[in-house]
Each structure stands twice: as C-alpha cells, then as structure tokens.
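Novice: The structure under discussion is supplied below as structure tokens; questions concerning it will follow.
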Amino acid sequence: MRGLLTFPNPVNETSARFVAGSVAVLAVVTIAFQQGWLIPVLAYGFVARVLTGPTLSPLALLATRVVTPRLRVRHRYSPGPAKRFAQGIGAVFTLTATALYYAAGAHTASFALLAVLAVFASLEAAIGLCVGCQAFYLGMRLGLVPPSVCEDCARVLTAETA
C-alpha cells in the first residue's frame, strides 16, 4: 500500500504537458456541451494523481506508458513536490466544481471554476507554465513551505536569489 501512495520525483515534463492538454480539452468539452457528468471524472483524475502519481490515473498512465515513450524529443524533468501541489490545486478546483454542480445546483459557478482550470491547464500544455508550481515556489519563498519538502526546489530558489 505504501508504494501505491507515491508520487514520482522528478516528473517528466512531456508527460505532464500531455496530461494538462487532455485536462484542458476535457474541461472545455464539459463547459461547451454542458456535460456535468464529466466534472467528477476530472476530479477523480486529479485526486488519483495527487495520491498515486500516474498509477491510478488513466490520463497519466496513457501519457507515461504510451505517448511519452514514443516521442523522440529531449525530455525535461521538474521536481515532483511542486507538480503534486499543482495536482492538489486541480483536485480542489474540480471537487469544488463537483459539489457546486451536484449539491448546490450552481452550474454556472461550477463551469466558471472549470474555465479557470482550463486556462491553467492550457498554459502548462502549450508553453510549460505550471501555475500551481509557481504557487508552490512562492510558498517556499515566503517560508510557508519548508525547504525539506523539496530540496531540489530549494536549491533552484537559492540559485535564483544568489
């Protein structure tokens, strides 16, 4: 069980960007076609990735086992804790959207959250800008996240300020 609840470190950016692009497309389809049933599907994916990395996430498995290995590109890697934090933000957004849609009947508010999520996911997919990762690094700079959580991140931040 302990091995199941792990997150990769480092994370292959190619895989992360593929997953982000897929999430962006699913979020836009959900909004455009008013398909509320897809909101918990998105939420499941984020919760699965936070808890187990790619192990229980169909999108992440597709990215890490099928798509990424077939691409002949130079892969870049980034620290896992920042990516896990970003997945956690996605989980909060999609779980909240699910609750708004089903429990509160607030469909517009739910779709608004998904629209923000689609923008963030599109930024990562298109240009490699992980907004959740940037929030994580800001938390480290402000002292809210101790350096022991991500030593690689701490080294990068120390090098940037030197």
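If you're wondering about the labels, chains in the structure tokens are A, B, ... by order shown, residues count from 1 in each chain, ligands from 1 in order shown.
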Counting only C-alpha atoms, give me one row per residue of region 66-107 of chain A with an atom at most 12 Å from an atom of region 120-128 of chain A, showing the shortest contact pair and its distance in Å to one decimal, sorted by chain then residue number, as CSV.
Specialist:
```
residue,atom,partner,partner_atom,distance
A:Arg76,CA,A:Gly128,CA,10.5
A:Tyr77,CA,A:Gly128,CA,11.3
A:Ser78,CA,A:Gly128,CA,10.8
A:Lys83,CA,A:Glu124,CA,11.1
A:Ala86,CA,A:Phe120,CA,10.0
A:Gln87,CA,A:Ala121,CA,10.4
A:Ile89,CA,A:Phe120,CA,10.6
A:Gly90,CA,A:Ala121,CA,9.1
A:Phe93,CA,A:Phe120,CA,11.3
```
Novice: For region 62-94 of chain A against region 18-28 of chain A, with a cut-off of 9 Å and counting only C-alpha atoms, what is the closest atom pair and its distance in Å to one decimal for every residue that makes the cut, ordered by chain and number, as a tab-separated table?
Specialist:
```
residue	atom	partner	partner_atom	distance
A:Leu62	CA	A:Val19	CA	8.6
A:Ala63	CA	A:Phe18	CA	6.3
A:Val67	CA	A:Phe18	CA	8.2
A:Thr68	CA	A:Phe18	CA	8.3
```
Novice: Among the residues of chain A, find those DSSP assigns to helix (DSSP H, G or I) from the backbone and print them as a PyMOL selection string.
Specialist: chain A and resi 13-32+38-52+58-70+80-102+107-127+131-141+147-149+151-161
Novice: Would you please work out which residue, of A:Pro81, A:Gly45, A:Pro58, A:Gly36, is nearest to Tyr101 (chain A) when using only C-alpha atoms?
Specialist: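 Using only C-alpha atoms, the shortest distance to Tyr101 (chain A) belongs to A:Gly36.
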Novice: Just checking: using only C-alpha atoms, which residue out of A:Pro79, A:Phe111, A:Ala135, A:Val29 ends up closest to Val156 (chain A)?
Specialist: A:Pro79
Novice: Could you tell me which of A:Ala32, A:Leu71, A:Leu100, A:Ala43 comes closest to Thr14 (chain A) if we count only C-alpha atoms?
Specialist: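 The closest residue to Thr14 (chain A) is A:Leu71.
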Novice: Report, in Å with one decimal, the straight-line distance from CA of Ala118 (chain A) to CA of Asn12 (chain A).
Specialist: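 We find that CA of Ala118 (chain A) and CA of Asn12 (chain A) lie 20.8 Å from each other.
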Novice: Rank A:Ala109, A:Ala82, A:Ala104, A:Leu114 by their smallest atom-to-atom distance to Phe136 (chain A), using only C-alpha atoms, and report the top residue only.
Specialist: A:Ala82
Novice: With only C-alpha atoms as the counted atoms, please give the residues lying no more than 12 Å from Val149 (chain A), apart from itself and same-chain residues fewer than 2 positions off, as an MDAnalysis selection string.
Specialist: chainID A and resid 9 79:82 84:85 136:137 139:140 143:147 151:155
Novice: Let's have the selection written as a PDB file, in the first residue's frame, with N, CA and C atoms.
Specialist:
```
ATOM      1  N   ASN A   9       9.325  11.619  -8.543  1.00  0.00           N
ATOM      2  CA  ASN A   9      10.218  12.761  -8.385  1.00  0.00           C
ATOM      3  C   ASN A   9      11.568  12.363  -8.973  1.00  0.00           C
ATOM      4  N   PRO A  79      10.792  19.072 -10.451  1.00  0.00           N
ATOM      5  CA  PRO A  79      10.601  18.462  -9.132  1.00  0.00           C
ATOM      6  C   PRO A  79       9.167  17.978  -8.898  1.00  0.00           C
ATOM      7  N   GLY A  80       9.056  16.769  -8.359  1.00  0.00           N
ATOM      8  CA  GLY A  80       7.762  16.161  -8.093  1.00  0.00           C
ATOM      9  C   GLY A  80       6.888  16.900  -7.093  1.00  0.00           C
ATOM     10  N   PRO A  81       7.438  17.381  -5.968  1.00  0.00           N
ATOM     11  CA  PRO A  81       6.564  18.031  -4.981  1.00  0.00           C
ATOM     12  C   PRO A  81       5.785  19.223  -5.529  1.00  0.00           C
ATOM     13  N   ALA A  82       6.393  20.012  -6.399  1.00  0.00           N
ATOM     14  CA  ALA A  82       5.687  21.157  -6.982  1.00  0.00           C
ATOM     15  C   ALA A  82       4.554  20.682  -7.884  1.00  0.00           C
ATOM     16  N   ARG A  84       2.998  17.811  -7.648  1.00  0.00           N
ATOM     17  CA  ARG A  84       1.957  17.217  -6.791  1.00  0.00           C
ATOM     18  C   ARG A  84       1.081  18.315  -6.186  1.00  0.00           C
ATOM     19  N   PHE A  85       1.690  19.408  -5.772  1.00  0.00           N
ATOM     20  CA  PHE A  85       0.937  20.538  -5.244  1.00  0.00           C
ATOM     21  C   PHE A  85      -0.019  21.075  -6.310  1.00  0.00           C
ATOM     22  N   PHE A 136       3.525  27.038  -5.559  1.00  0.00           N
ATOM     23  CA  PHE A 136       4.346  26.252  -4.639  1.00  0.00           C
ATOM     24  C   PHE A 136       5.673  26.965  -4.362  1.00  0.00           C
ATOM     25  N   TYR A 137       6.323  27.440  -5.430  1.00  0.00           N
ATOM     26  CA  TYR A 137       7.605  28.143  -5.276  1.00  0.00           C
ATOM     27  C   TYR A 137       7.424  29.443  -4.488  1.00  0.00           C
ATOM     28  N   GLY A 139       5.186  29.883  -2.175  1.00  0.00           N
ATOM     29  CA  GLY A 139       5.065  29.426  -0.792  1.00  0.00           C
ATOM     30  C   GLY A 139       6.414  29.144  -0.165  1.00  0.00           C
ATOM     31  N   MET A 140       7.342  28.609  -0.956  1.00  0.00           N
ATOM     32  CA  MET A 140       8.698  28.367  -0.445  1.00  0.00           C
ATOM     33  C   MET A 140       9.414  29.691  -0.177  1.00  0.00           C
ATOM     34  N   GLY A 143       8.348  31.261   2.945  1.00  0.00           N
ATOM     35  CA  GLY A 143       8.602  30.481   4.139  1.00  0.00           C
ATOM     36  C   GLY A 143       7.417  29.640   4.591  1.00  0.00           C
ATOM     37  N   LEU A 144       6.376  29.547   3.770  1.00  0.00           N
ATOM     38  CA  LEU A 144       5.209  28.743   4.119  1.00  0.00           C
ATOM     39  C   LEU A 144       5.452  27.260   3.867  1.00  0.00           C
ATOM     40  N   VAL A 145       6.340  26.956   2.937  1.00  0.00           N
ATOM     41  CA  VAL A 145       6.714  25.576   2.617  1.00  0.00           C
ATOM     42  C   VAL A 145       8.183  25.414   3.006  1.00  0.00           C
ATOM     43  N   PRO A 146       8.487  24.531   3.959  1.00  0.00           N
ATOM     44  CA  PRO A 146       9.874  24.369   4.391  1.00  0.00           C
ATOM     45  C   PRO A 146      10.743  23.763   3.278  1.00  0.00           C
ATOM     46  N   PRO A 147      12.017  24.140   3.229  1.00  0.00           N
ATOM     47  CA  PRO A 147      12.918  23.602   2.205  1.00  0.00           C
ATOM     48  C   PRO A 147      13.009  22.082   2.210  1.00  0.00           C
ATOM     49  N   GLU A 151      13.954  19.601  -1.637  1.00  0.00           N
ATOM     50  CA  GLU A 151      15.328  20.102  -1.616  1.00  0.00           C
ATOM     51  C   GLU A 151      15.765  20.608  -2.991  1.00  0.00           C
ATOM     52  N   ASP A 152      15.308  19.948  -4.075  1.00  0.00           N
ATOM     53  CA  ASP A 152      15.641  20.422  -5.423  1.00  0.00           C
ATOM     54  C   ASP A 152      15.067  21.812  -5.663  1.00  0.00           C
ATOM     55  N   CYS A 153      13.839  22.036  -5.225  1.00  0.00           N
ATOM     56  CA  CYS A 153      13.197  23.339  -5.374  1.00  0.00           C
ATOM     57  C   CYS A 153      13.964  24.401  -4.579  1.00  0.00           C
ATOM     58  N   ALA A 154      14.370  24.034  -3.365  1.00  0.00           N
ATOM     59  CA  ALA A 154      15.105  24.959  -2.510  1.00  0.00           C
ATOM     60  C   ALA A 154      16.423  25.357  -3.153  1.00  0.00           C
ATOM     61  N   ARG A 155      17.103  24.385  -3.779  1.00  0.00           N
ATOM     62  CA  ARG A 155      18.375  24.695  -4.470  1.00  0.00           C
ATOM     63  C   ARG A 155      18.143  25.652  -5.627  1.00  0.00           C
TER      64      ARG A 155
END
```
Novice: As an exercise, work out the distance from CA of Arg70 (chain A) to CA of Arg49 (chain A) in Å and give it to one decimal place.
Specialist: 21.8 Å
Novice: Determine which residues of chain A DSSP labels as strand (DSSP E) from the backbone of this structure, then write them out as an MDAnalysis selection string.
Specialist: chainID A and resid 11:12 77:78
Novice: Which residue gives the smallest distance to Gly53 (chain A) among A:Trp37, A:Val11, A:Thr30, A:Arg65, with only C-alpha atoms counted?
Specialist: A:Val11
Novice: CA of Val73 (chain A) and CA of Leu4 (chain A), how far apart in Å?
Specialist: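 Computing the Euclidean distance for CA of Leu4 (chain A) and CA of Val73 (chain A) yields 28.9 Å.
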